[in-house]
Amino acid sequence: MRKEVEIVKGHRLDYQLYRYFLQYFSESELESIFESIRRPPGRYYIRVNTLRISPEELMRLLRERSIDVYPDEYLPEALWFPVKGPNKIPSARKYVLADKRAAESVYVGANLYVPGVVRMDEEIRRGDEVNVIAPNGEVVAFGIAEVSNDNIKTTRHGIAVKTLVSVYEMPKVREMREYELGLFYDQSLPAQWVGHVVDPKPNEVIIDMNAAPGGKTSHVIQLSGGKAIVHAFDRSEGKVREMIEILNRLGMNGLYRVEVRDTRYLDIDRPDLIGSADKVLIDPPCTDMGVRPRLFDVKTMDLVMAMSNYQRQFIKVAWRLLRPGGILIYSTCTIPPLENENNIAYAEGLGFEVIDISIPRASGGLIDKYKNSVVRFYPHVHDTPGFFIAKLRKPSQRHQ
């Protein structure tokens, strides 16, 4: 029996996980999903920070610089840039090896920054033409070296390779002055829908249990006009520092409360929050099988099962944090039902009631019971990241 199955180039599942997926998808559809994951979506989305600028005004500023940008058909604060490609990459005699995360960013046009460099050809000097290579050997870009091999080990910051031609291309959004001014946040379309499912109101107590890097937290602040009482938590001190920088760049200083916490134990560490929340948002660590682009990856059934059990710990604590009648929003950027619909069934076992939601152009649940109550985005159907969203209510006391 085969231990692993390669679905498409670079994407492998262990045999148990492969058989699991075949309960829900045909072989050809599974191949289409993972082939789509190897590519970026055709649209790269940003979310306009409407606390600082209108979508129309930001579009005008960008178009004045001949940047192609368009409004989403349904979300007023969502704008998108066309992603172009695939392009043929010119060949260079010298190469720079990037780590996986950096290579996937360069693949869609980002510059290669020093922290993402694994190794440089020994003969590289500043100004040389180079190819950027992913760890699996794929050539992802052609560019100009900004540092030499002699200096790379002593340089900690800055651009290592300026990308000139990448497999796919789009504007370098994080180098735009509008980004530095906090006029937008780059966020996928499905993730932007999460904020609208939360539907934050002024004075509501809202807890984001897995808040870093701050996309959904900042959207909740934005949609409430800065008037919701927002608690943002993450277990990583480094990620919390980064989140604070992002929220402050967006002009949201003073509009949130942030702490470094493992929120699986939030009811123990912060007993004052028990029964206080009007809404809780869980976007837990997951297997990331909907993230795009991913050039290569290996996933196992053991990992999926472990992540599902891990995610349930947050759901259990959310029950205690919510007041009677409070709302839980659960979302992931992955595909297996074990991390999605099965966790909603677990939440129902705790006493939660599922609230039906629908989103334009999205699909329903993969399990029949949730076909009309939860939302899914598929890479090969919607040309977005793979994504799942559900909304639940903790019953009022008289119904418990």
# chains A, B, ... in the order shown; residues from 1 in each chain; ligands from 1
$ residues_around --residues "Leu189 (chain A)" --least-positions-apart "6" --cutoff "8 Å" --atoms "only C-alpha atoms" --output "NGL selection string"
:A and (45 or 78 or 384)
$ write_last_selection --atoms "all heavy atoms" --output "compact mmCIF listing (two decimals), in the first residue's frame"
# COMPACT_ATOMS: atom_id res chain seq x y z
N TYR A 45 -6.89 40.92 -2.92
CA TYR A 45 -7.80 41.83 -2.23
C TYR A 45 -7.12 42.65 -1.14
O TYR A 45 -6.21 42.18 -0.45
CB TYR A 45 -8.95 41.04 -1.59
CG TYR A 45 -10.12 40.83 -2.52
CD1 TYR A 45 -10.15 39.73 -3.38
CD2 TYR A 45 -11.18 41.72 -2.55
CE1 TYR A 45 -11.22 39.52 -4.24
CE2 TYR A 45 -12.26 41.53 -3.41
CZ TYR A 45 -12.27 40.43 -4.25
OH TYR A 45 -13.32 40.23 -5.09
N ALA A 78 -14.05 46.42 0.09
CA ALA A 78 -13.12 45.50 -0.55
C ALA A 78 -12.74 45.99 -1.95
O ALA A 78 -13.61 46.24 -2.79
CB ALA A 78 -13.72 44.10 -0.64
N THR A 384 -10.72 31.80 -4.81
CA THR A 384 -10.32 32.45 -3.57
C THR A 384 -9.49 31.44 -2.78
O THR A 384 -9.35 30.28 -3.19
CB THR A 384 -11.54 32.82 -2.72
OG1 THR A 384 -12.21 31.61 -2.29
CG2 THR A 384 -12.52 33.71 -3.47
$ residues_around --residues "Lys162 (chain A)" --least-positions-apart "5" --cutoff "9 Å" --atoms "only C-alpha atoms" --output "VMD selection string"
chain A and resid 110 to 113 142 to 146
$ select_by_dssp --residues "region 69-142 of chain A" --states "alpha helix (DSSP H)" --output "ChimeraX atom specification"
/A:100-106
$ residues_around --residues "Asp269 (chain A)" --least-positions-apart "6" --cutoff "12 Å" --atoms "only C-alpha atoms" --output "ChimeraX atom specification"
/A:233,259-263,317,321
$ write_last_selection --atoms "all heavy atoms" --output "PDB file, in the first residue's frame"
ATOM      1  N   PHE A 233      -6.374  38.572  21.621  1.00  0.00           N
ATOM      2  CA  PHE A 233      -5.409  37.701  22.285  1.00  0.00           C
ATOM      3  C   PHE A 233      -4.634  36.872  21.263  1.00  0.00           C
ATOM      4  O   PHE A 233      -5.170  36.483  20.229  1.00  0.00           O
ATOM      5  CB  PHE A 233      -6.115  36.728  23.242  1.00  0.00           C
ATOM      6  CG  PHE A 233      -6.849  37.395  24.368  1.00  0.00           C
ATOM      7  CD1 PHE A 233      -8.220  37.634  24.276  1.00  0.00           C
ATOM      8  CD2 PHE A 233      -6.178  37.781  25.517  1.00  0.00           C
ATOM      9  CE1 PHE A 233      -8.904  38.235  25.319  1.00  0.00           C
ATOM     10  CE2 PHE A 233      -6.859  38.397  26.569  1.00  0.00           C
ATOM     11  CZ  PHE A 233      -8.222  38.620  26.472  1.00  0.00           C
ATOM     12  N   GLU A 259      -3.543  41.275  24.749  1.00  0.00           N
ATOM     13  CA  GLU A 259      -2.711  40.556  25.703  1.00  0.00           C
ATOM     14  C   GLU A 259      -2.119  39.318  25.054  1.00  0.00           C
ATOM     15  O   GLU A 259      -2.707  38.746  24.127  1.00  0.00           O
ATOM     16  CB  GLU A 259      -3.541  40.088  26.909  1.00  0.00           C
ATOM     17  CG  GLU A 259      -3.967  41.155  27.880  1.00  0.00           C
ATOM     18  CD  GLU A 259      -4.711  40.542  29.060  1.00  0.00           C
ATOM     19  OE1 GLU A 259      -4.158  39.625  29.703  1.00  0.00           O
ATOM     20  OE2 GLU A 259      -5.842  40.966  29.322  1.00  0.00           O
ATOM     21  N   VAL A 260      -0.952  38.914  25.576  1.00  0.00           N
ATOM     22  CA  VAL A 260      -0.362  37.637  25.198  1.00  0.00           C
ATOM     23  C   VAL A 260      -0.992  36.567  26.086  1.00  0.00           C
ATOM     24  O   VAL A 260      -0.783  36.548  27.300  1.00  0.00           O
ATOM     25  CB  VAL A 260       1.171  37.649  25.385  1.00  0.00           C
ATOM     26  CG1 VAL A 260       1.762  36.292  25.010  1.00  0.00           C
ATOM     27  CG2 VAL A 260       1.802  38.759  24.563  1.00  0.00           C
ATOM     28  N   ARG A 261      -1.802  35.696  25.502  1.00  0.00           N
ATOM     29  CA  ARG A 261      -2.479  34.629  26.245  1.00  0.00           C
ATOM     30  C   ARG A 261      -2.682  33.417  25.348  1.00  0.00           C
ATOM     31  O   ARG A 261      -2.972  33.560  24.154  1.00  0.00           O
ATOM     32  CB  ARG A 261      -3.868  35.063  26.738  1.00  0.00           C
ATOM     33  CG  ARG A 261      -3.885  36.225  27.710  1.00  0.00           C
ATOM     34  CD  ARG A 261      -3.564  35.786  29.116  1.00  0.00           C
ATOM     35  NE  ARG A 261      -3.660  36.908  30.042  1.00  0.00           N
ATOM     36  CZ  ARG A 261      -3.304  36.853  31.311  1.00  0.00           C
ATOM     37  NH1 ARG A 261      -2.836  35.712  31.809  1.00  0.00           N
ATOM     38  NH2 ARG A 261      -3.408  37.912  32.102  1.00  0.00           N
ATOM     39  N   ASP A 262      -2.553  32.238  25.923  1.00  0.00           N
ATOM     40  CA  ASP A 262      -3.025  31.018  25.269  1.00  0.00           C
ATOM     41  C   ASP A 262      -4.493  30.904  25.649  1.00  0.00           C
ATOM     42  O   ASP A 262      -4.832  30.561  26.785  1.00  0.00           O
ATOM     43  CB  ASP A 262      -2.237  29.808  25.771  1.00  0.00           C
ATOM     44  CG  ASP A 262      -2.618  28.520  25.041  1.00  0.00           C
ATOM     45  OD1 ASP A 262      -3.735  28.463  24.487  1.00  0.00           O
ATOM     46  OD2 ASP A 262      -1.813  27.568  25.035  1.00  0.00           O
ATOM     47  N   THR A 263      -5.370  31.220  24.710  1.00  0.00           N
ATOM     48  CA  THR A 263      -6.792  31.362  25.049  1.00  0.00           C
ATOM     49  C   THR A 263      -7.506  30.041  25.282  1.00  0.00           C
ATOM     50  O   THR A 263      -8.681  30.038  25.629  1.00  0.00           O
ATOM     51  CB  THR A 263      -7.528  32.177  23.962  1.00  0.00           C
ATOM     52  OG1 THR A 263      -7.214  31.651  22.662  1.00  0.00           O
ATOM     53  CG2 THR A 263      -7.123  33.636  24.015  1.00  0.00           C
ATOM     54  N   VAL A 317     -13.842  26.819  25.564  1.00  0.00           N
ATOM     55  CA  VAL A 317     -13.640  28.020  26.382  1.00  0.00           C
ATOM     56  C   VAL A 317     -14.571  29.143  25.932  1.00  0.00           C
ATOM     57  O   VAL A 317     -15.089  29.907  26.760  1.00  0.00           O
ATOM     58  CB  VAL A 317     -12.163  28.470  26.329  1.00  0.00           C
ATOM     59  CG1 VAL A 317     -11.968  29.816  27.022  1.00  0.00           C
ATOM     60  CG2 VAL A 317     -11.274  27.414  26.981  1.00  0.00           C
ATOM     61  N   LEU A 321     -16.974  31.987  27.968  1.00  0.00           N
ATOM     62  CA  LEU A 321     -16.777  33.434  27.832  1.00  0.00           C
ATOM     63  C   LEU A 321     -18.054  34.151  27.421  1.00  0.00           C
ATOM     64  O   LEU A 321     -18.269  35.311  27.794  1.00  0.00           O
ATOM     65  CB  LEU A 321     -15.686  33.726  26.796  1.00  0.00           C
ATOM     66  CG  LEU A 321     -14.282  33.179  27.079  1.00  0.00           C
ATOM     67  CD1 LEU A 321     -13.360  33.486  25.912  1.00  0.00           C
ATOM     68  CD2 LEU A 321     -13.722  33.742  28.380  1.00  0.00           C
TER      69      LEU A 321
END
$ closest_residue --among "A:Ala390, A:Ala191, A:Ala160, A:Ala103" --to "Arg125 (chain A)" --atoms "only C-alpha atoms"
A:Ala160
$ closest_residue --among "A:Asp150, A:Gly10, A:Pro40, A:Gly195" --to "Pro135 (chain A)" --atoms "only C-alpha atoms"
A:Gly10
$ select_by_dssp --residues "region 142-391 of chain A" --states "strand (DSSP E)" --output "PyMOL selection string"
chain A and resi 142-145+159-166+184-186+205-208+229-234+257-260+277-282+297-299+322-332+353-355+375-377+387-391
$ residues_around --residues "Leu79 (chain A)" --least-positions-apart "2" --cutoff "6 Å" --atoms "only C-alpha atoms" --output "list in words"
Tyr45, Ile46, Tyr70, Pro71 and Asp72 of chain A
$ closest_residue --among "A:Glu169, A:Ile7, A:Ile124, A:Leu322" --to "Ile33 (chain A)" --atoms "only C-alpha atoms"
A:Ile7
$ atom_distance --atom1 "CA of Arg12 (chain A)" --atom2 "CA of Val140 (chain A)"
20.3 Å
$ residues_around --residues "Gly290 (chain A)" --least-positions-apart "5" --cutoff "9 Å" --atoms "only C-alpha atoms" --output "ChimeraX atom specification"
/A:33-34,37,332-335,377-379,384-387
$ write_last_selection --atoms "N, CA, C and O atoms" --output "PDB file, in the first residue's frame"
ATOM      1  N   ILE A  33      -8.582  21.084  -6.833  1.00  0.00           N
ATOM      2  CA  ILE A  33      -8.395  21.883  -5.624  1.00  0.00           C
ATOM      3  C   ILE A  33      -6.916  22.180  -5.397  1.00  0.00           C
ATOM      4  O   ILE A  33      -6.516  23.342  -5.218  1.00  0.00           O
ATOM      5  N   PHE A  34      -6.081  21.139  -5.438  1.00  0.00           N
ATOM      6  CA  PHE A  34      -4.671  21.331  -5.114  1.00  0.00           C
ATOM      7  C   PHE A  34      -3.902  21.991  -6.251  1.00  0.00           C
ATOM      8  O   PHE A  34      -2.906  22.677  -6.008  1.00  0.00           O
ATOM      9  N   ILE A  37      -4.508  25.563  -5.549  1.00  0.00           N
ATOM     10  CA  ILE A  37      -3.739  26.020  -4.397  1.00  0.00           C
ATOM     11  C   ILE A  37      -2.309  26.375  -4.800  1.00  0.00           C
ATOM     12  O   ILE A  37      -1.689  27.260  -4.198  1.00  0.00           O
ATOM     13  N   THR A 332     -12.000  29.093   9.437  1.00  0.00           N
ATOM     14  CA  THR A 332     -10.674  28.528   9.170  1.00  0.00           C
ATOM     15  C   THR A 332     -10.317  28.766   7.706  1.00  0.00           C
ATOM     16  O   THR A 332     -11.189  29.041   6.878  1.00  0.00           O
ATOM     17  N   CYS A 333      -9.022  28.616   7.415  1.00  0.00           N
ATOM     18  CA  CYS A 333      -8.565  28.694   6.024  1.00  0.00           C
ATOM     19  C   CYS A 333      -8.123  27.307   5.559  1.00  0.00           C
ATOM     20  O   CYS A 333      -7.062  27.142   4.962  1.00  0.00           O
ATOM     21  N   THR A 334      -8.951  26.303   5.853  1.00  0.00           N
ATOM     22  CA  THR A 334      -8.613  24.943   5.467  1.00  0.00           C
ATOM     23  C   THR A 334      -9.851  24.202   4.985  1.00  0.00           C
ATOM     24  O   THR A 334     -10.968  24.706   5.093  1.00  0.00           O
ATOM     25  N   ILE A 335      -9.667  22.993   4.479  1.00  0.00           N
ATOM     26  CA  ILE A 335     -10.725  22.289   3.755  1.00  0.00           C
ATOM     27  C   ILE A 335     -11.336  21.093   4.488  1.00  0.00           C
ATOM     28  O   ILE A 335     -12.536  20.854   4.373  1.00  0.00           O
ATOM     29  N   PHE A 377     -15.701  28.537   0.862  1.00  0.00           N
ATOM     30  CA  PHE A 377     -15.103  29.026  -0.377  1.00  0.00           C
ATOM     31  C   PHE A 377     -14.090  27.977  -0.839  1.00  0.00           C
ATOM     32  O   PHE A 377     -13.296  27.479  -0.039  1.00  0.00           O
ATOM     33  N   TYR A 378     -14.144  27.646  -2.127  1.00  0.00           N
ATOM     34  CA  TYR A 378     -13.234  26.649  -2.692  1.00  0.00           C
ATOM     35  C   TYR A 378     -12.277  27.307  -3.694  1.00  0.00           C
ATOM     36  O   TYR A 378     -12.717  28.100  -4.544  1.00  0.00           O
ATOM     37  N   PRO A 379     -10.981  26.955  -3.649  1.00  0.00           N
ATOM     38  CA  PRO A 379     -10.022  27.544  -4.593  1.00  0.00           C
ATOM     39  C   PRO A 379     -10.391  27.315  -6.047  1.00  0.00           C
ATOM     40  O   PRO A 379     -10.249  28.224  -6.880  1.00  0.00           O
ATOM     41  N   THR A 384     -10.722  31.795  -4.812  1.00  0.00           N
ATOM     42  CA  THR A 384     -10.320  32.448  -3.566  1.00  0.00           C
ATOM     43  C   THR A 384      -9.486  31.436  -2.777  1.00  0.00           C
ATOM     44  O   THR A 384      -9.352  30.285  -3.188  1.00  0.00           O
ATOM     45  N   PRO A 385      -8.936  31.836  -1.630  1.00  0.00           N
ATOM     46  CA  PRO A 385      -8.410  30.806  -0.728  1.00  0.00           C
ATOM     47  C   PRO A 385      -9.543  29.871  -0.299  1.00  0.00           C
ATOM     48  O   PRO A 385     -10.719  30.248  -0.319  1.00  0.00           O
ATOM     49  N   GLY A 386      -9.194  28.648   0.082  1.00  0.00           N
ATOM     50  CA  GLY A 386     -10.182  27.763   0.687  1.00  0.00           C
ATOM     51  C   GLY A 386     -10.521  28.271   2.074  1.00  0.00           C
ATOM     52  O   GLY A 386      -9.621  28.599   2.853  1.00  0.00           O
ATOM     53  N   PHE A 387     -11.819  28.334   2.394  1.00  0.00           N
ATOM     54  CA  PHE A 387     -12.213  29.016   3.634  1.00  0.00           C
ATOM     55  C   PHE A 387     -13.542  28.466   4.131  1.00  0.00           C
ATOM     56  O   PHE A 387     -14.379  28.008   3.335  1.00  0.00           O
TER      57      PHE A 387
END
$ residues_around --residues "Arg119 (chain A)" --least-positions-apart "5" --cutoff "10 Å" --atoms "only C-alpha atoms" --output "PyMOL selection string"
chain A and resi 95-99+133+149+152-153
$ residues_around --residues "Ser32 (chain A)" --least-positions-apart "6" --cutoff "12 Å" --atoms "only C-alpha atoms" --output "mmCIF file with N, CA and C atoms, in the first residue's frame"
data_model
loop_
_atom_site.group_PDB
_atom_site.id
_atom_site.type_symbol
_atom_site.label_atom_id
_atom_site.label_comp_id
_atom_site.auth_asym_id
_atom_site.auth_seq_id
_atom_site.Cartn_x
_atom_site.Cartn_y
_atom_site.Cartn_z
ATOM 1 N N ILE A 7 -0.971 14.405 -5.153
ATOM 2 C CA ILE A 7 -2.190 14.847 -5.847
ATOM 3 C C ILE A 7 -1.828 15.634 -7.099
ATOM 4 N N VAL A 8 -0.992 16.648 -6.903
ATOM 5 C CA VAL A 8 -0.419 17.411 -8.010
ATOM 6 C C VAL A 8 1.035 17.654 -7.640
ATOM 7 N N LYS A 9 1.796 18.222 -8.531
ATOM 8 C CA LYS A 9 3.215 18.458 -8.292
ATOM 9 C C LYS A 9 3.431 19.175 -6.956
ATOM 10 N N HIS A 11 2.361 18.527 -3.956
ATOM 11 C CA HIS A 11 1.346 18.415 -2.901
ATOM 12 C C HIS A 11 1.028 16.943 -2.651
ATOM 13 N N PHE A 25 -14.821 14.351 -2.199
ATOM 14 C CA PHE A 25 -14.441 14.855 -3.523
ATOM 15 C C PHE A 25 -14.035 13.695 -4.414
ATOM 16 N N SER A 26 -14.306 13.842 -5.713
ATOM 17 C CA SER A 26 -13.782 12.863 -6.667
ATOM 18 C C SER A 26 -12.276 13.086 -6.831
ATOM 19 N N ARG A 38 -1.792 25.730 -5.842
ATOM 20 C CA ARG A 38 -0.437 26.063 -6.318
ATOM 21 C C ARG A 38 -0.370 27.439 -6.971
ATOM 22 N N ARG A 39 -1.495 27.989 -7.339
ATOM 23 C CA ARG A 39 -1.533 29.299 -7.996
ATOM 24 C C ARG A 39 -2.160 30.332 -7.064
ATOM 25 N N TYR A 378 -14.144 27.646 -2.127
ATOM 26 C CA TYR A 378 -13.234 26.649 -2.692
ATOM 27 C C TYR A 378 -12.277 27.307 -3.694
ATOM 28 N N PRO A 379 -10.981 26.955 -3.649
ATOM 29 C CA PRO A 379 -10.022 27.544 -4.593
ATOM 30 C C PRO A 379 -10.391 27.315 -6.047
ATOM 31 N N HIS A 380 -10.868 26.113 -6.377
ATOM 32 C CA HIS A 380 -11.108 25.758 -7.779
ATOM 33 C C HIS A 380 -12.487 26.201 -8.265
ATOM 34 N N VAL A 381 -13.355 26.615 -7.341
ATOM 35 C CA VAL A 381 -14.709 27.050 -7.709
ATOM 36 C C VAL A 381 -14.823 28.569 -7.661
ATOM 37 N N ASP A 383 -12.197 30.763 -6.950
ATOM 38 C CA ASP A 383 -10.920 31.431 -7.185
ATOM 39 C C ASP A 383 -10.541 32.326 -5.998
#
$ decode --residues "region 43-63 of chain A" --atoms "N, CA, C and O atoms" --output "short mmCIF file (atom, residue, chain, number, x, y, z; two decimals), in the first residue's frame"
data_model
loop_
_atom_site.label_atom_id
_atom_site.label_comp_id
_atom_site.auth_asym_id
_atom_site.auth_seq_id
_atom_site.Cartn_x
_atom_site.Cartn_y
_atom_site.Cartn_z
N ARG A 43 -7.57 37.51 -8.25
CA ARG A 43 -7.74 38.83 -7.64
C ARG A 43 -6.99 38.88 -6.31
O ARG A 43 -7.09 37.96 -5.50
N TYR A 44 -6.23 39.94 -6.10
CA TYR A 44 -5.58 40.15 -4.80
C TYR A 44 -6.35 41.26 -4.09
O TYR A 44 -6.45 42.39 -4.57
N TYR A 45 -6.89 40.92 -2.92
CA TYR A 45 -7.80 41.83 -2.23
C TYR A 45 -7.12 42.65 -1.14
O TYR A 45 -6.21 42.18 -0.45
N ILE A 46 -7.60 43.88 -1.00
CA ILE A 46 -7.27 44.71 0.16
C ILE A 46 -8.59 45.20 0.77
O ILE A 46 -9.63 45.21 0.11
N ARG A 47 -8.52 45.57 2.04
CA ARG A 47 -9.69 46.12 2.72
C ARG A 47 -9.41 47.58 3.05
O ARG A 47 -8.45 47.90 3.75
N VAL A 48 -10.23 48.46 2.53
CA VAL A 48 -10.06 49.89 2.77
C VAL A 48 -10.33 50.19 4.25
O VAL A 48 -11.33 49.72 4.82
N ASN A 49 -9.46 50.95 4.86
CA ASN A 49 -9.65 51.39 6.24
C ASN A 49 -10.59 52.59 6.23
O ASN A 49 -10.16 53.74 6.12
N THR A 50 -11.88 52.31 6.32
CA THR A 50 -12.89 53.37 6.18
C THR A 50 -12.91 54.33 7.36
O THR A 50 -13.64 55.33 7.32
N LEU A 51 -12.14 54.05 8.40
CA LEU A 51 -11.99 55.04 9.48
C LEU A 51 -11.11 56.20 9.02
O LEU A 51 -11.10 57.26 9.66
N ARG A 52 -10.37 55.99 7.90
CA ARG A 52 -9.45 57.02 7.43
C ARG A 52 -9.75 57.53 6.01
O ARG A 52 -9.38 58.66 5.68
N ILE A 53 -10.37 56.68 5.18
CA ILE A 53 -10.58 57.09 3.78
C ILE A 53 -11.73 56.27 3.21
O ILE A 53 -12.02 55.17 3.68
N SER A 54 -12.39 56.83 2.20
CA SER A 54 -13.47 56.10 1.54
C SER A 54 -12.88 55.19 0.46
O SER A 54 -11.81 55.48 -0.09
N PRO A 55 -13.56 54.11 0.12
CA PRO A 55 -13.08 53.26 -0.98
C PRO A 55 -12.92 54.03 -2.28
O PRO A 55 -11.94 53.81 -3.02
N GLU A 56 -13.82 54.93 -2.55
CA GLU A 56 -13.77 55.71 -3.80
C GLU A 56 -12.52 56.59 -3.84
O GLU A 56 -11.84 56.70 -4.87
N GLU A 57 -12.19 57.21 -2.70
CA GLU A 57 -11.03 58.09 -2.66
C GLU A 57 -9.74 57.29 -2.78
O GLU A 57 -8.80 57.71 -3.48
N LEU A 58 -9.66 56.13 -2.13
CA LEU A 58 -8.45 55.31 -2.24
C LEU A 58 -8.29 54.80 -3.67
O LEU A 58 -7.18 54.80 -4.21
N MET A 59 -9.40 54.40 -4.30
CA MET A 59 -9.32 53.96 -5.69
C MET A 59 -8.79 55.10 -6.59
O MET A 59 -7.97 54.87 -7.47
N ARG A 60 -9.26 56.29 -6.32
CA ARG A 60 -8.81 57.44 -7.12
C ARG A 60 -7.32 57.66 -6.96
O ARG A 60 -6.59 57.87 -7.95
N LEU A 61 -6.82 57.60 -5.71
CA LEU A 61 -5.39 57.80 -5.46
C LEU A 61 -4.54 56.76 -6.19
O LEU A 61 -3.51 57.08 -6.78
N LEU A 62 -4.99 55.52 -6.16
CA LEU A 62 -4.22 54.45 -6.80
C LEU A 62 -4.27 54.56 -8.32
O LEU A 62 -3.26 54.37 -9.01
N ARG A 63 -5.45 54.88 -8.85
CA ARG A 63 -5.58 54.98 -10.30
C ARG A 63 -4.82 56.18 -10.86
O ARG A 63 -4.39 56.15 -12.02
#
